[in-house]
Amino acid sequence: MMTSNRTKRLDTWFLPLILYIVLPFYFLPVNAQMRVRLGPDSPLGKLQYAEVHIANLYVEEVDEQKLVDDAIRGMLEKLDPHSTYYTPKEVKEMNEPLQGSFEGIGVQFNMVEDTLFVIQPVSGGPSERVGILAGDRIVSVNDTTIAGVKMQKEQIMRRLRGPKDSRVKVGIVRRGISDTLSFTIIRDKIPVHSIDAAYMLQKGVGYIRIGNFGATTHDEFCEHIKSLKKQGMQSLVLDLQENGGGYLQAAVKIANEFLERDDMIVYTQGRRTQSTQYKAEGGGLFTTGKVIVLVDSYTASAAEIVSGAIQDHDRGIIVGRRTFGKGLVQRPVDLPDGSQIRLTIAHYYTPSGRCIQKPYEKGRQKDYAMDVYNRLKSGELMSADSVHFADSLKCYTLKEHRVVYGGGGIMPDEFVPLDTTRYTRFHRMLAAKSIVINANLRYIDQHRKQLHKQYPSFDDFRHRFEVPQGVIDGILAEGEKQDIRPKDDAELQQTLPYLRLQLKALIARDIWSMNEYFAIINENNDILRRALELL
């Protein structure tokens with residue numbers, strides 16, 4: 001029996017009735033404080049009424065899932081800049097760096113000329129256990145060729161990742177061996193570290209750089225503090241430059257290591273959420289030595305909580321440039337299909353009562369995103385005098401009663417202007433086209449054994465190694481080939497010192513680790529240099 005198109009669809013006369021029967025089951029209150037108003041005149045009813053009619057009556061087929069996704073995004077875009085919606089895939093990708101681990105084969109890699117190049121196998125990880133080495137090229141995964149076929153990086157990662165204890169067969173091309181090698185790797189949990197580097201800067205002065213605040217940050221931090229103390233650390237430089245934040249609890253635990261019992265770390269206030277106070281529990285690992293915190297315009301959220309607590313309690317000195325100013329608390333709201341809304345429910349306040357959040361206009365996300373660029377245009381990044389705060393935003397630190405201001409990030413105690421000459425247009429273009437990183441990977445691939453023999457220790461490498469002129473010439477030639485040239489000789493000469501330093505740091509990373517990378521690249525860090533002067 002044939003069914004007409006009319007009877008395939010819901011009869012529109014019955015839509016309102018069905019709508020109000022269905023609604024209560026889909027929109028149950030999350031807690032007693034949340035109110036859901038239903039009925040023909042409610043905003044919620046209106047929204048679903050519109051969606052049902054579009055799905056059933058629109059002239060063409062519609063993707064209902066996308067329709068709902070776009071509707072949620074549309075609502076959130078009219079709110080603050082940090083209330084956002086994520087698809088199930090985006091939720092997984094976003095959470096992995098903060099959760100402290102993922103499941104896979106355990107290699108650091110980069111793509112060179114359409115081939116996966118292993119920079120380092122993760123120490124003790126599944127790849128290292130079966131004998132995969134730095135410099136190996138992975139050319140196939142489970143008999144599927146991934147090299148030279150223009151496969152997207154995301155597709156390659158999907159093939160290499162998988163549940164713990166599952167097996168994956170990889171084909172390896174190794175320098176000096178003509179045949180393709182085959183390895184079967186048993187996937188495992190791979191740790192994701194949130195501390196980028198920890199080492200002694202000089203006698204008595206330790207350095208820790210936190211990349212983000214994740215599930216394992218506090219444990220990592222405590223391990224490094226204990227290790228640096230054994231090496232004679234009496235003062236600490238805590239580097240939070242470019243740290244975009246992460247978990248609130250991780251930030252609270254880190255701040256606790258510097259403060260006395262019952263010292264306020266941060267508190268929150270919202271329209272419908274109770275004010276919550278977070279205080280130090282005492283017994284911190286570094287409550288007496290000198291502390292300097294490095295910040296810049298990309299230091300945000302959880303990193304600003306730590307900076308603000310240390311500054312307000314006069315526990316240390318903040319050095320750098322005004323931080324980003326992200327002081328909005330998001331609550332994750334998990335949706336049935338695995339997607340998630342991160343909804344702003346409160347503001348963060350430092351112990352002295354400063355609101356960290358910078359001003360914004362609802363629905364003007366583009367303007368908000370351009371804020372750091374506007375700081376550059378206005379001259380703020382070059383001079384602290386260009387930043388003006390209203391008297392109404394004035395607060396005082398809790399022990400020495402120094403003046404500090406709220407209403408937009410953490411203003412450093414010691415301002416360090418941005419050196420705009422360091423990153424030339426020419427260097428930015430070379431880096432954007434991966435010409436610098438590819439030159440580094442080719443060089444390390446050809447000279448790894450020789451470098452290990454020639455420089456048995458990092459100190460030896462640091463003092464004696466110089467980037468060969470041939471590597472520089474190769475980068476300039478590749479730039480020419482891709483129509484990337486300095487505008488004049490002055491720009492070229494301005495580019496070369498930092499280019500050489502960057503290459504030396506990358507080579508050190510590939511021979512040793514990120515500690516050695518930062519030990520070299522930090523030689524040109526003005527904010528760190530100012531911190532050492534203060535110490």
# chains A, B, ... in the order shown; residues from 1 in each chain; ligands from 1
$ residues_around --residues "Asp526 of chain A" --least-positions-apart "4" --cutoff "10 Å" --atoms "only C-alpha atoms" --output "ChimeraX atom specification"
/A:320,416-419,522,530-532
$ residues_around --residues "segment 277-288 of chain A" --least-positions-apart "5" --cutoff "9 Å" --atoms "only C-alpha atoms" --output "VMD selection string"
chain A and resid 222 225 to 226 234 to 236 252 to 268 315
$ residues_around --residues "segment 185-190 of chain A" --least-positions-apart "5" --cutoff "9 Å" --atoms "only C-alpha atoms" --output "PyMOL selection string"
chain A and resi 100-106+122+125-127+129-130+160-170
$ residues_around --residues "Met75 of chain A" --least-positions-apart "2" --cutoff "12 Å" --atoms "only C-alpha atoms" --output "ChimeraX atom specification"
/A:47,68-73,77-81,83-85,341,343,362-363
$ write_last_selection --atoms "N, CA and C atoms" --output "mmCIF file, in the first residue's frame"
data_model
loop_
_atom_site.group_PDB
_atom_site.id
_atom_site.type_symbol
_atom_site.label_atom_id
_atom_site.label_comp_id
_atom_site.auth_asym_id
_atom_site.auth_seq_id
_atom_site.Cartn_x
_atom_site.Cartn_y
_atom_site.Cartn_z
ATOM 1 N N LEU A 47 10.388 27.923 21.143
ATOM 2 C CA LEU A 47 11.569 27.429 20.446
ATOM 3 C C LEU A 47 11.321 26.056 19.830
ATOM 4 N N VAL A 68 19.482 22.242 15.520
ATOM 5 C CA VAL A 68 19.493 22.452 16.973
ATOM 6 C C VAL A 68 20.854 22.979 17.430
ATOM 7 N N ASP A 69 21.947 22.398 16.879
ATOM 8 C CA ASP A 69 23.291 22.878 17.224
ATOM 9 C C ASP A 69 23.418 24.372 16.944
ATOM 10 N N ASP A 70 22.962 24.779 15.756
ATOM 11 C CA ASP A 70 23.058 26.193 15.370
ATOM 12 C C ASP A 70 22.184 27.081 16.252
ATOM 13 N N ALA A 71 21.031 26.558 16.661
ATOM 14 C CA ALA A 71 20.147 27.336 17.532
ATOM 15 C C ALA A 71 20.804 27.564 18.893
ATOM 16 N N ILE A 72 21.443 26.510 19.431
ATOM 17 C CA ILE A 72 22.129 26.651 20.724
ATOM 18 C C ILE A 72 23.273 27.642 20.593
ATOM 19 N N ARG A 73 24.057 27.500 19.519
ATOM 20 C CA ARG A 73 25.166 28.442 19.310
ATOM 21 C C ARG A 73 24.648 29.869 19.190
ATOM 22 N N GLU A 77 25.835 32.909 21.577
ATOM 23 C CA GLU A 77 26.583 34.024 20.984
ATOM 24 C C GLU A 77 26.068 35.381 21.449
ATOM 25 N N LYS A 78 24.844 35.430 21.897
ATOM 26 C CA LYS A 78 24.271 36.693 22.371
ATOM 27 C C LYS A 78 24.611 36.956 23.837
ATOM 28 N N LEU A 79 25.307 36.008 24.478
ATOM 29 C CA LEU A 79 25.672 36.169 25.883
ATOM 30 C C LEU A 79 27.120 36.645 25.971
ATOM 31 N N ASP A 80 27.856 36.176 26.951
ATOM 32 C CA ASP A 80 29.244 36.599 27.124
ATOM 33 C C ASP A 80 30.152 35.838 26.165
ATOM 34 N N PRO A 81 31.425 36.253 26.034
ATOM 35 C CA PRO A 81 32.329 35.622 25.060
ATOM 36 C C PRO A 81 32.754 34.202 25.415
ATOM 37 N N SER A 83 30.672 31.721 27.066
ATOM 38 C CA SER A 83 29.626 30.696 27.055
ATOM 39 C C SER A 83 29.619 30.075 25.668
ATOM 40 N N THR A 84 29.896 28.780 25.589
ATOM 41 C CA THR A 84 30.094 28.149 24.288
ATOM 42 C C THR A 84 29.445 26.772 24.221
ATOM 43 N N TYR A 85 29.287 26.290 22.984
ATOM 44 C CA TYR A 85 28.720 24.958 22.728
ATOM 45 C C TYR A 85 29.751 24.123 21.999
ATOM 46 N N ILE A 341 27.399 22.225 26.722
ATOM 47 C CA ILE A 341 27.377 23.687 26.835
ATOM 48 C C ILE A 341 28.287 24.056 27.996
ATOM 49 N N LEU A 343 28.527 27.073 30.246
ATOM 50 C CA LEU A 343 27.707 28.245 30.521
ATOM 51 C C LEU A 343 28.305 29.072 31.651
ATOM 52 N N LYS A 362 27.864 42.165 25.201
ATOM 53 C CA LYS A 362 27.220 40.909 24.830
ATOM 54 C C LYS A 362 27.035 40.839 23.316
ATOM 55 N N GLY A 363 27.362 39.674 22.769
ATOM 56 C CA GLY A 363 27.180 39.464 21.339
ATOM 57 C C GLY A 363 28.275 40.048 20.471
#
$ atom_distance --atom1 "atom CA of Ala346 of chain A" --atom2 "atom CA of Ile210 of chain A"
25.2 Å
$ select_by_dssp --residues "segment 356-426 of chain A" --states "strand (DSSP E or B)" --output "number ranges by chain"
A: 394-396, 403-405, 414-415
$ closest_residue --among "A:Lys504, A:Lys433, A:His82, A:Arg485" --to "Gln357 of chain A" --atoms "only C-alpha atoms"
A:His82
$ atom_distance --atom1 "atom CA of Val149 of chain A" --atom2 "atom CA of Ser434 of chain A"
18.9 Å
$ select_by_dssp --residues "segment 401-514 of chain A" --states "alpha helix (DSSP H)" --output "number ranges by chain"
A: 425-432, 435-454, 458-464, 469-481, 489-511, 514
$ atom_distance --atom1 "atom CA of His447 of chain A" --atom2 "atom CA of Thr145 of chain A"
27.2 Å
$ residues_around --residues "Leu501 of chain A" --least-positions-apart "6" --cutoff "12 Å" --atoms "only C-alpha atoms" --output "ChimeraX atom specification"
/A:422,436,440,462,465-468,472,495,507-508,517-525
$ residues_around --residues "segment 237-251 of chain A" --least-positions-apart "3" --cutoff "7 Å" --atoms "only C-alpha atoms" --output "count of residues only"
29
$ closest_residue --among "A:Val372, A:Leu506, A:Cys355, A:Ile484" --to "Gly409 of chain A" --atoms "only C-alpha atoms"
A:Cys355
